[in-house]
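Heads up, protein04.pdb below (PDB, N, CA and C atoms, pLDDT in the B column):
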```
ATOM      1  N   MET A   1      95.861  39.432 158.972  1.00 55.00           N
ATOM      2  CA  MET A   1      97.256  39.230 159.315  1.00 55.00           C
ATOM      3  C   MET A   1      98.027  38.823 158.063  1.00 55.00           C
ATOM      4  N   SER A   2      99.166  39.396 157.874  1.00 77.00           N
ATOM      5  CA  SER A   2      99.996  39.127 156.707  1.00 77.00           C
ATOM      6  C   SER A   2     100.752  37.804 156.868  1.00 77.00           C
ATOM      7  N   ARG A   3     100.815  37.063 155.779  1.00 90.00           N
ATOM      8  CA  ARG A   3     101.561  35.802 155.804  1.00 90.00           C
ATOM      9  C   ARG A   3     103.054  36.074 155.658  1.00 90.00           C
ATOM     10  N   ASN A   4     103.861  35.216 156.229  1.00 96.00           N
ATOM     11  CA  ASN A   4     105.317  35.364 156.165  1.00 96.00           C
ATOM     12  C   ASN A   4     105.826  35.282 154.733  1.00 96.00           C
ATOM     13  N   ILE A   5     106.898  35.997 154.487  1.00 96.00           N
ATOM     14  CA  ILE A   5     107.581  35.915 153.197  1.00 96.00           C
ATOM     15  C   ILE A   5     108.659  34.846 153.313  1.00 96.00           C
ATOM     16  N   ILE A   6     108.680  33.958 152.338  1.00 96.00           N
ATOM     17  CA  ILE A   6     109.661  32.885 152.271  1.00 96.00           C
ATOM     18  C   ILE A   6     110.638  33.212 151.141  1.00 96.00           C
ATOM     19  N   THR A   7     111.930  33.185 151.428  1.00 97.00           N
ATOM     20  CA  THR A   7     112.928  33.428 150.380  1.00 97.00           C
ATOM     21  C   THR A   7     113.734  32.161 150.140  1.00 97.00           C
ATOM     22  N   GLU A   8     114.213  32.062 148.921  1.00 96.00           N
ATOM     23  CA  GLU A   8     115.022  30.902 148.532  1.00 96.00           C
ATOM     24  C   GLU A   8     116.140  31.363 147.603  1.00 96.00           C
ATOM     25  N   TYR A   9     117.345  30.901 147.881  1.00 96.00           N
ATOM     26  CA  TYR A   9     118.480  31.178 147.008  1.00 96.00           C
ATOM     27  C   TYR A   9     118.454  30.135 145.903  1.00 96.00           C
ATOM     28  N   VAL A  10     118.097  30.556 144.695  1.00 94.00           N
ATOM     29  CA  VAL A  10     117.888  29.640 143.576  1.00 94.00           C
ATOM     30  C   VAL A  10     119.185  29.409 142.809  1.00 94.00           C
ATOM     31  N   HIS A  11     119.900  30.482 142.509  1.00 87.00           N
ATOM     32  CA  HIS A  11     121.177  30.425 141.783  1.00 87.00           C
ATOM     33  C   HIS A  11     121.111  29.514 140.551  1.00 87.00           C
ATOM     34  N   PRO A  12     120.303  29.917 139.540  1.00 81.00           N
ATOM     35  CA  PRO A  12     120.204  29.091 138.336  1.00 81.00           C
ATOM     36  C   PRO A  12     121.552  29.011 137.609  1.00 81.00           C
ATOM     37  N   PRO A  13     121.786  27.938 136.878  1.00 87.00           N
ATOM     38  CA  PRO A  13     123.087  27.731 136.213  1.00 87.00           C
ATOM     39  C   PRO A  13     123.244  28.563 134.940  1.00 87.00           C
ATOM     40  N   ILE A  14     123.085  29.861 135.080  1.00 86.00           N
ATOM     41  CA  ILE A  14     123.262  30.787 133.963  1.00 86.00           C
ATOM     42  C   ILE A  14     124.117  31.950 134.461  1.00 86.00           C
ATOM     43  N   PRO A  15     124.782  32.662 133.562  1.00 89.00           N
ATOM     44  CA  PRO A  15     125.642  33.766 134.009  1.00 89.00           C
ATOM     45  C   PRO A  15     124.860  35.001 134.480  1.00 89.00           C
ATOM     46  N   TYR A  16     123.595  35.082 134.171  1.00 88.00           N
ATOM     47  CA  TYR A  16     122.734  36.205 134.542  1.00 88.00           C
ATOM     48  C   TYR A  16     122.368  36.082 136.016  1.00 88.00           C
ATOM     49  N   ARG A  17     122.842  36.982 136.870  1.00 87.00           N
ATOM     50  CA  ARG A  17     122.690  36.861 138.326  1.00 87.00           C
ATOM     51  C   ARG A  17     121.499  37.643 138.889  1.00 87.00           C
ATOM     52  N   CYS A  18     120.668  38.220 138.061  1.00 90.00           N
ATOM     53  CA  CYS A  18     119.567  39.061 138.536  1.00 90.00           C
ATOM     54  C   CYS A  18     118.402  38.277 139.136  1.00 90.00           C
ATOM     55  N   ASN A  19     118.372  36.971 138.963  1.00 90.00           N
ATOM     56  CA  ASN A  19     117.273  36.157 139.497  1.00 90.00           C
ATOM     57  C   ASN A  19     117.777  35.067 140.429  1.00 90.00           C
ATOM     58  N   ASP A  20     118.786  35.360 141.213  1.00 95.00           N
ATOM     59  CA  ASP A  20     119.338  34.367 142.134  1.00 95.00           C
ATOM     60  C   ASP A  20     118.419  34.100 143.327  1.00 95.00           C
ATOM     61  N   TRP A  21     117.586  35.071 143.688  1.00 96.00           N
ATOM     62  CA  TRP A  21     116.713  34.927 144.846  1.00 96.00           C
ATOM     63  C   TRP A  21     115.255  34.961 144.425  1.00 96.00           C
ATOM     64  N   ARG A  22     114.440  34.134 145.087  1.00 95.00           N
ATOM     65  CA  ARG A  22     112.994  34.092 144.845  1.00 95.00           C
ATOM     66  C   ARG A  22     112.293  34.335 146.186  1.00 95.00           C
ATOM     67  N   ALA A  23     111.222  35.120 146.156  1.00 96.00           N
ATOM     68  CA  ALA A  23     110.421  35.391 147.357  1.00 96.00           C
ATOM     69  C   ALA A  23     108.963  35.066 147.066  1.00 96.00           C
ATOM     70  N   THR A  24     108.331  34.350 147.990  1.00 95.00           N
ATOM     71  CA  THR A  24     106.914  34.016 147.892  1.00 95.00           C
ATOM     72  C   THR A  24     106.292  34.191 149.276  1.00 95.00           C
ATOM     73  N   ARG A  25     104.991  34.065 149.351  1.00 96.00           N
ATOM     74  CA  ARG A  25     104.290  34.106 150.635  1.00 96.00           C
ATOM     75  C   ARG A  25     104.064  32.678 151.126  1.00 96.00           C
ATOM     76  N   GLU A  26     104.192  32.502 152.400  1.00 93.00           N
ATOM     77  CA  GLU A  26     103.972  31.211 153.027  1.00 93.00           C
ATOM     78  C   GLU A  26     102.580  30.682 152.645  1.00 93.00           C
ATOM     79  N   GLY A  27     102.533  29.455 152.161  1.00 89.00           N
ATOM     80  CA  GLY A  27     101.270  28.830 151.786  1.00 89.00           C
ATOM     81  C   GLY A  27     100.888  29.011 150.331  1.00 89.00           C
ATOM     82  N   ASP A  28     101.585  29.871 149.588  1.00 86.00           N
ATOM     83  CA  ASP A  28     101.277  30.046 148.163  1.00 86.00           C
ATOM     84  C   ASP A  28     101.844  28.893 147.360  1.00 86.00           C
ATOM     85  N   ASP A  29     101.119  28.520 146.298  1.00 79.00           N
ATOM     86  CA  ASP A  29     101.645  27.472 145.430  1.00 79.00           C
ATOM     87  C   ASP A  29     102.555  28.084 144.372  1.00 79.00           C
ATOM     88  N   GLU A  30     103.124  27.251 143.544  1.00 69.00           N
ATOM     89  CA  GLU A  30     104.115  27.686 142.548  1.00 69.00           C
ATOM     90  C   GLU A  30     103.558  28.661 141.512  1.00 69.00           C
ATOM     91  N   ASP A  31     102.235  28.667 141.298  1.00 72.00           N
ATOM     92  CA  ASP A  31     101.640  29.510 140.267  1.00 72.00           C
ATOM     93  C   ASP A  31     101.179  30.869 140.786  1.00 72.00           C
ATOM     94  N   TYR A  32     101.529  31.211 142.020  1.00 90.00           N
ATOM     95  CA  TYR A  32     101.083  32.470 142.593  1.00 90.00           C
ATOM     96  C   TYR A  32     102.129  33.554 142.364  1.00 90.00           C
ATOM     97  N   ILE A  33     101.985  34.685 143.016  1.00 95.00           N
ATOM     98  CA  ILE A  33     102.886  35.827 142.823  1.00 95.00           C
ATOM     99  C   ILE A  33     104.268  35.495 143.388  1.00 95.00           C
ATOM    100  N   VAL A  34     105.284  35.813 142.589  1.00 95.00           N
ATOM    101  CA  VAL A  34     106.676  35.545 142.959  1.00 95.00           C
ATOM    102  C   VAL A  34     107.489  36.816 142.751  1.00 95.00           C
ATOM    103  N   GLY A  35     108.415  37.082 143.661  1.00 96.00           N
ATOM    104  CA  GLY A  35     109.357  38.181 143.496  1.00 96.00           C
ATOM    105  C   GLY A  35     110.735  37.614 143.191  1.00 96.00           C
ATOM    106  N   TRP A  36     111.459  38.287 142.329  1.00 96.00           N
ATOM    107  CA  TRP A  36     112.804  37.840 141.936  1.00 96.00           C
ATOM    108  C   TRP A  36     113.793  38.965 142.147  1.00 96.00           C
ATOM    109  N   GLY A  37     115.046  38.621 142.433  1.00 96.00           N
ATOM    110  CA  GLY A  37     116.067  39.648 142.577  1.00 96.00           C
ATOM    111  C   GLY A  37     117.467  39.079 142.665  1.00 96.00           C
ATOM    112  N   ALA A  38     118.431  39.955 142.490  1.00 95.00           N
ATOM    113  CA  ALA A  38     119.847  39.568 142.596  1.00 95.00           C
ATOM    114  C   ALA A  38     120.230  39.332 144.051  1.00 95.00           C
ATOM    115  N   THR A  39     119.483  39.967 144.966  1.00 96.00           N
ATOM    116  CA  THR A  39     119.717  39.778 146.400  1.00 96.00           C
ATOM    117  C   THR A  39     118.398  39.354 147.051  1.00 96.00           C
ATOM    118  N   GLU A  40     118.501  38.875 148.264  1.00 98.00           N
ATOM    119  CA  GLU A  40     117.295  38.485 148.995  1.00 98.00           C
ATOM    120  C   GLU A  40     116.355  39.678 149.153  1.00 98.00           C
ATOM    121  N   GLN A  41     116.891  40.846 149.512  1.00 98.00           N
ATOM    122  CA  GLN A  41     116.057  42.032 149.703  1.00 98.00           C
ATOM    123  C   GLN A  41     115.400  42.480 148.404  1.00 98.00           C
ATOM    124  N   GLU A  42     116.118  42.402 147.287  1.00 98.00           N
ATOM    125  CA  GLU A  42     115.518  42.765 145.998  1.00 98.00           C
ATOM    126  C   GLU A  42     114.340  41.851 145.674  1.00 98.00           C
ATOM    127  N   ALA A  43     114.457  40.572 145.974  1.00 98.00           N
ATOM    128  CA  ALA A  43     113.364  39.627 145.722  1.00 98.00           C
ATOM    129  C   ALA A  43     112.154  39.967 146.593  1.00 98.00           C
ATOM    130  N   ILE A  44     112.390  40.305 147.864  1.00 98.00           N
ATOM    131  CA  ILE A  44     111.302  40.700 148.760  1.00 98.00           C
ATOM    132  C   ILE A  44     110.630  41.969 148.252  1.00 98.00           C
ATOM    133  N   ASP A  45     111.424  42.961 147.873  1.00 98.00           N
ATOM    134  CA  ASP A  45     110.880  44.216 147.357  1.00 98.00           C
ATOM    135  C   ASP A  45     110.066  43.971 146.083  1.00 98.00           C
ATOM    136  N   ASP A  46     110.564  43.091 145.215  1.00 98.00           N
ATOM    137  CA  ASP A  46     109.858  42.768 143.977  1.00 98.00           C
ATOM    138  C   ASP A  46     108.538  42.062 144.281  1.00 98.00           C
ATOM    139  N   LEU A  47     108.540  41.146 145.243  1.00 97.00           N
ATOM    140  CA  LEU A  47     107.309  40.466 145.632  1.00 97.00           C
ATOM    141  C   LEU A  47     106.265  41.471 146.100  1.00 97.00           C
ATOM    142  N   ILE A  48     106.668  42.389 146.961  1.00 97.00           N
ATOM    143  CA  ILE A  48     105.736  43.392 147.482  1.00 97.00           C
ATOM    144  C   ILE A  48     105.207  44.267 146.347  1.00 97.00           C
ATOM    145  N   ALA A  49     106.063  44.648 145.418  1.00 97.00           N
ATOM    146  CA  ALA A  49     105.637  45.461 144.265  1.00 97.00           C
ATOM    147  C   ALA A  49     104.678  44.671 143.370  1.00 97.00           C
ATOM    148  N   GLU A  50     104.964  43.398 143.142  1.00 96.00           N
ATOM    149  CA  GLU A  50     104.086  42.560 142.310  1.00 96.00           C
ATOM    150  C   GLU A  50     102.722  42.375 142.979  1.00 96.00           C
ATOM    151  N   GLU A  51     102.713  42.201 144.296  1.00 95.00           N
ATOM    152  CA  GLU A  51     101.446  42.079 145.023  1.00 95.00           C
ATOM    153  C   GLU A  51     100.629  43.366 144.910  1.00 95.00           C
ATOM    154  N   ALA A  52     101.290  44.511 145.031  1.00 95.00           N
ATOM    155  CA  ALA A  52     100.594  45.796 144.909  1.00 95.00           C
ATOM    156  C   ALA A  52     100.029  45.971 143.506  1.00 95.00           C
ATOM    157  N   ALA A  53     100.789  45.590 142.491  1.00 95.00           N
ATOM    158  CA  ALA A  53     100.316  45.697 141.106  1.00 95.00           C
ATOM    159  C   ALA A  53      99.111  44.784 140.876  1.00 95.00           C
ATOM    160  N   ALA A  54      99.154  43.588 141.430  1.00 92.00           N
ATOM    161  CA  ALA A  54      98.028  42.656 141.290  1.00 92.00           C
ATOM    162  C   ALA A  54      96.791  43.208 141.991  1.00 92.00           C
ATOM    163  N   GLN A  55      96.975  43.808 143.159  1.00 90.00           N
ATOM    164  CA  GLN A  55      95.852  44.410 143.886  1.00 90.00           C
ATOM    165  C   GLN A  55      95.258  45.567 143.095  1.00 90.00           C
ATOM    166  N   ASP A  56      96.114  46.412 142.506  1.00 89.00           N
ATOM    167  CA  ASP A  56      95.638  47.523 141.686  1.00 89.00           C
ATOM    168  C   ASP A  56      94.854  47.009 140.481  1.00 89.00           C
ATOM    169  N   GLU A  57      95.344  45.940 139.861  1.00 87.00           N
ATOM    170  CA  GLU A  57      94.670  45.366 138.708  1.00 87.00           C
ATOM    171  C   GLU A  57      93.297  44.812 139.098  1.00 87.00           C
ATOM    172  N   ARG A  58      93.217  44.128 140.249  1.00 85.00           N
ATOM    173  CA  ARG A  58      91.929  43.622 140.703  1.00 85.00           C
ATOM    174  C   ARG A  58      90.968  44.769 141.001  1.00 85.00           C
ATOM    175  N   ALA A  59      91.454  45.842 141.618  1.00 87.00           N
ATOM    176  CA  ALA A  59      90.616  46.989 141.939  1.00 87.00           C
ATOM    177  C   ALA A  59      90.105  47.654 140.657  1.00 87.00           C
ATOM    178  N   SER A  60      90.959  47.709 139.653  1.00 84.00           N
ATOM    179  CA  SER A  60      90.570  48.304 138.371  1.00 84.00           C
ATOM    180  C   SER A  60      89.478  47.479 137.694  1.00 84.00           C
ATOM    181  N   ILE A  61      89.592  46.179 137.775  1.00 86.00           N
ATOM    182  CA  ILE A  61      88.595  45.290 137.168  1.00 86.00           C
ATOM    183  C   ILE A  61      87.253  45.450 137.895  1.00 86.00           C
ATOM    184  N   VAL A  62      87.291  45.510 139.211  1.00 84.00           N
ATOM    185  CA  VAL A  62      86.058  45.676 139.999  1.00 84.00           C
ATOM    186  C   VAL A  62      85.425  47.026 139.697  1.00 84.00           C
ATOM    187  N   ALA A  63      86.218  48.083 139.638  1.00 82.00           N
ATOM    188  CA  ALA A  63      85.694  49.424 139.366  1.00 82.00           C
ATOM    189  C   ALA A  63      85.095  49.508 137.973  1.00 82.00           C
ATOM    190  N   GLY A  64      85.708  48.820 137.028  1.00 77.00           N
ATOM    191  CA  GLY A  64      85.209  48.839 135.653  1.00 77.00           C
ATOM    192  C   GLY A  64      83.942  48.042 135.487  1.00 77.00           C
ATOM    193  N   GLY A  65      83.661  47.159 136.417  1.00 59.00           N
ATOM    194  CA  GLY A  65      82.478  46.322 136.328  1.00 59.00           C
ATOM    195  C   GLY A  65      81.227  46.942 136.929  1.00 59.00           C
ATOM    196  N   ARG A  66      81.342  48.153 137.451  1.00 53.00           N
ATOM    197  CA  ARG A  66      80.181  48.808 138.073  1.00 53.00           C
ATOM    198  C   ARG A  66      79.297  49.450 137.064  1.00 53.00           C
TER
END
```

Once more with this new file: its structure as structure tokens, please.
Amino acid sequence: MSRNIITEYVHPPIPYRCNDWRATREGDDEDYIVGWGATEQEAIDDLIAEEAAAQDERASIVAGGR
């Protein structure tokens, strides 16, 4: 079962608005995979893409170890 995605409006005090939203998975600590975006949906999409990239990287490491 997939864990819920948690979003947070961060709005850092800088003029760059591309990282106003952060998305993480429920139960993850601060050092885990994070998605960022200018909108809530962009942050969610980025989180999903980052998770897929991490999964691909783990699969590549396992395949290379055979």

Legend entry - Residue set, chain A restricted to alpha helix (DSSP H), as number ranges by chain: A: 40-64

Inset, instruction - For each of A:Ala52, A:Pro15, A:Glu57, A:Arg22, take the minimum atom-to-atom distance to Gly37 (chain A), counting all atoms listed in the file, then give the residue where this is smallest. - result: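 Between A:Ala52, A:Pro15, A:Glu57, A:Arg22, the residue approaching Gly37 (chain A) most closely is A:Arg22.
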
Inset, instruction - Give as number ranges by chain the residues that the PyMOL selection byres ((chain A and resi 34) around 6) matches when applied to the coordinates above. - result: A: 23-24, 32-33, 35-36, 46-47

Quick one: write out the picked residues with N, CA and C atoms as a compact mmCIF listing (two decimals), in the coordinates of the input?
```txt
# COMPACT_ATOMS: atom_id res chain seq x y z
N ALA A 23 111.22 35.12 146.16
CA ALA A 23 110.42 35.39 147.36
C ALA A 23 108.96 35.07 147.07
N THR A 24 108.33 34.35 147.99
CA THR A 24 106.91 34.02 147.89
C THR A 24 106.29 34.19 149.28
N TYR A 32 101.53 31.21 142.02
CA TYR A 32 101.08 32.47 142.59
C TYR A 32 102.13 33.55 142.36
N ILE A 33 101.98 34.68 143.02
CA ILE A 33 102.89 35.83 142.82
C ILE A 33 104.27 35.49 143.39
N GLY A 35 108.42 37.08 143.66
CA GLY A 35 109.36 38.18 143.50
C GLY A 35 110.74 37.61 143.19
N TRP A 36 111.46 38.29 142.33
CA TRP A 36 112.80 37.84 141.94
C TRP A 36 113.79 38.97 142.15
N ASP A 46 110.56 43.09 145.22
CA ASP A 46 109.86 42.77 143.98
C ASP A 46 108.54 42.06 144.28
N LEU A 47 108.54 41.15 145.24
CA LEU A 47 107.31 40.47 145.63
C LEU A 47 106.26 41.47 146.10
```

Legend entry - Distance in Å - CA of Asp31 (chain A) versus atom C of Pro12 (chain A): 20.1 Å

Enumerate, as a PDB file with N, CA and C atoms, in the coordinates of the input, the residues matched when the PyMOL selection byres (((chain A and resi 7-11 and name CA) around 8) and name CA) is run on the file above.
```pdb
ATOM      1  N   ILE A   5     106.898  35.997 154.487  1.00 96.00           N
ATOM      2  CA  ILE A   5     107.581  35.915 153.197  1.00 96.00           C
ATOM      3  C   ILE A   5     108.659  34.846 153.313  1.00 96.00           C
ATOM      4  N   ILE A   6     108.680  33.958 152.338  1.00 96.00           N
ATOM      5  CA  ILE A   6     109.661  32.885 152.271  1.00 96.00           C
ATOM      6  C   ILE A   6     110.638  33.212 151.141  1.00 96.00           C
ATOM      7  N   PRO A  12     120.303  29.917 139.540  1.00 81.00           N
ATOM      8  CA  PRO A  12     120.204  29.091 138.336  1.00 81.00           C
ATOM      9  C   PRO A  12     121.552  29.011 137.609  1.00 81.00           C
ATOM     10  N   PRO A  13     121.786  27.938 136.878  1.00 87.00           N
ATOM     11  CA  PRO A  13     123.087  27.731 136.213  1.00 87.00           C
ATOM     12  C   PRO A  13     123.244  28.563 134.940  1.00 87.00           C
ATOM     13  N   ARG A  17     122.842  36.982 136.870  1.00 87.00           N
ATOM     14  CA  ARG A  17     122.690  36.861 138.326  1.00 87.00           C
ATOM     15  C   ARG A  17     121.499  37.643 138.889  1.00 87.00           C
ATOM     16  N   ASN A  19     118.372  36.971 138.963  1.00 90.00           N
ATOM     17  CA  ASN A  19     117.273  36.157 139.497  1.00 90.00           C
ATOM     18  C   ASN A  19     117.777  35.067 140.429  1.00 90.00           C
ATOM     19  N   ASP A  20     118.786  35.360 141.213  1.00 95.00           N
ATOM     20  CA  ASP A  20     119.338  34.367 142.134  1.00 95.00           C
ATOM     21  C   ASP A  20     118.419  34.100 143.327  1.00 95.00           C
ATOM     22  N   TRP A  21     117.586  35.071 143.688  1.00 96.00           N
ATOM     23  CA  TRP A  21     116.713  34.927 144.846  1.00 96.00           C
ATOM     24  C   TRP A  21     115.255  34.961 144.425  1.00 96.00           C
ATOM     25  N   ARG A  22     114.440  34.134 145.087  1.00 95.00           N
ATOM     26  CA  ARG A  22     112.994  34.092 144.845  1.00 95.00           C
ATOM     27  C   ARG A  22     112.293  34.335 146.186  1.00 95.00           C
ATOM     28  N   ALA A  23     111.222  35.120 146.156  1.00 96.00           N
ATOM     29  CA  ALA A  23     110.421  35.391 147.357  1.00 96.00           C
ATOM     30  C   ALA A  23     108.963  35.066 147.066  1.00 96.00           C
ATOM     31  N   THR A  24     108.331  34.350 147.990  1.00 95.00           N
ATOM     32  CA  THR A  24     106.914  34.016 147.892  1.00 95.00           C
ATOM     33  C   THR A  24     106.292  34.191 149.276  1.00 95.00           C
ATOM     34  N   GLU A  40     118.501  38.875 148.264  1.00 98.00           N
ATOM     35  CA  GLU A  40     117.295  38.485 148.995  1.00 98.00           C
ATOM     36  C   GLU A  40     116.355  39.678 149.153  1.00 98.00           C
ATOM     37  N   ALA A  43     114.457  40.572 145.974  1.00 98.00           N
ATOM     38  CA  ALA A  43     113.364  39.627 145.722  1.00 98.00           C
ATOM     39  C   ALA A  43     112.154  39.967 146.593  1.00 98.00           C
ATOM     40  N   ILE A  44     112.390  40.305 147.864  1.00 98.00           N
ATOM     41  CA  ILE A  44     111.302  40.700 148.760  1.00 98.00           C
ATOM     42  C   ILE A  44     110.630  41.969 148.252  1.00 98.00           C
TER      43      ILE A  44
END
```

Can you list, as a PDB file with N, CA and C atoms, in the frame of the given file, all residues belonging to region 7-65 of chain A that DSSP tags as strand (DSSP E or B)?
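That gives us out-v4.pdb:
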```pdb
ATOM      1  N   THR A   7     111.930  33.185 151.428  1.00 97.00           N
ATOM      2  CA  THR A   7     112.928  33.428 150.380  1.00 97.00           C
ATOM      3  C   THR A   7     113.734  32.161 150.140  1.00 97.00           C
ATOM      4  N   GLU A   8     114.213  32.062 148.921  1.00 96.00           N
ATOM      5  CA  GLU A   8     115.022  30.902 148.532  1.00 96.00           C
ATOM      6  C   GLU A   8     116.140  31.363 147.603  1.00 96.00           C
ATOM      7  N   TYR A   9     117.345  30.901 147.881  1.00 96.00           N
ATOM      8  CA  TYR A   9     118.480  31.178 147.008  1.00 96.00           C
ATOM      9  C   TYR A   9     118.454  30.135 145.903  1.00 96.00           C
ATOM     10  N   TRP A  21     117.586  35.071 143.688  1.00 96.00           N
ATOM     11  CA  TRP A  21     116.713  34.927 144.846  1.00 96.00           C
ATOM     12  C   TRP A  21     115.255  34.961 144.425  1.00 96.00           C
ATOM     13  N   ARG A  22     114.440  34.134 145.087  1.00 95.00           N
ATOM     14  CA  ARG A  22     112.994  34.092 144.845  1.00 95.00           C
ATOM     15  C   ARG A  22     112.293  34.335 146.186  1.00 95.00           C
ATOM     16  N   ALA A  23     111.222  35.120 146.156  1.00 96.00           N
ATOM     17  CA  ALA A  23     110.421  35.391 147.357  1.00 96.00           C
ATOM     18  C   ALA A  23     108.963  35.066 147.066  1.00 96.00           C
ATOM     19  N   THR A  24     108.331  34.350 147.990  1.00 95.00           N
ATOM     20  CA  THR A  24     106.914  34.016 147.892  1.00 95.00           C
ATOM     21  C   THR A  24     106.292  34.191 149.276  1.00 95.00           C
ATOM     22  N   ARG A  25     104.991  34.065 149.351  1.00 96.00           N
ATOM     23  CA  ARG A  25     104.290  34.106 150.635  1.00 96.00           C
ATOM     24  C   ARG A  25     104.064  32.678 151.126  1.00 96.00           C
ATOM     25  N   GLY A  35     108.415  37.082 143.661  1.00 96.00           N
ATOM     26  CA  GLY A  35     109.357  38.181 143.496  1.00 96.00           C
ATOM     27  C   GLY A  35     110.735  37.614 143.191  1.00 96.00           C
ATOM     28  N   TRP A  36     111.459  38.287 142.329  1.00 96.00           N
ATOM     29  CA  TRP A  36     112.804  37.840 141.936  1.00 96.00           C
ATOM     30  C   TRP A  36     113.793  38.965 142.147  1.00 96.00           C
ATOM     31  N   GLY A  37     115.046  38.621 142.433  1.00 96.00           N
ATOM     32  CA  GLY A  37     116.067  39.648 142.577  1.00 96.00           C
ATOM     33  C   GLY A  37     117.467  39.079 142.665  1.00 96.00           C
TER      34      GLY A  37
END
```

Just need the box for region 19-25 of chain A, edges along x, y and z, holding every atom the file lists for it with 4 Å tacked onto each side, so centre and edge lengths in Å to one decimal, as JSON.
```
{"center_x": 111.7, "center_y": 34.8, "center_z": 145.0, "size_x": 23.3, "size_y": 12.3, "size_z": 20.2}
```

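For the choices A:Asp45, A:Glu26, A:Ala38, A:Asp56, the atom-to-atom distance to Arg3 (chain A) is smallest for A:Glu26 when using all atoms listed in the file.
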
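Picture a line from atom N of Ala53 (chain A) to atom N of Arg25 (chain A); it runs 14.1 Å.
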
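Between CA of Glu51 (chain A) and CA of Gly27 (chain A) the interatomic distance comes to 14.9 Å.
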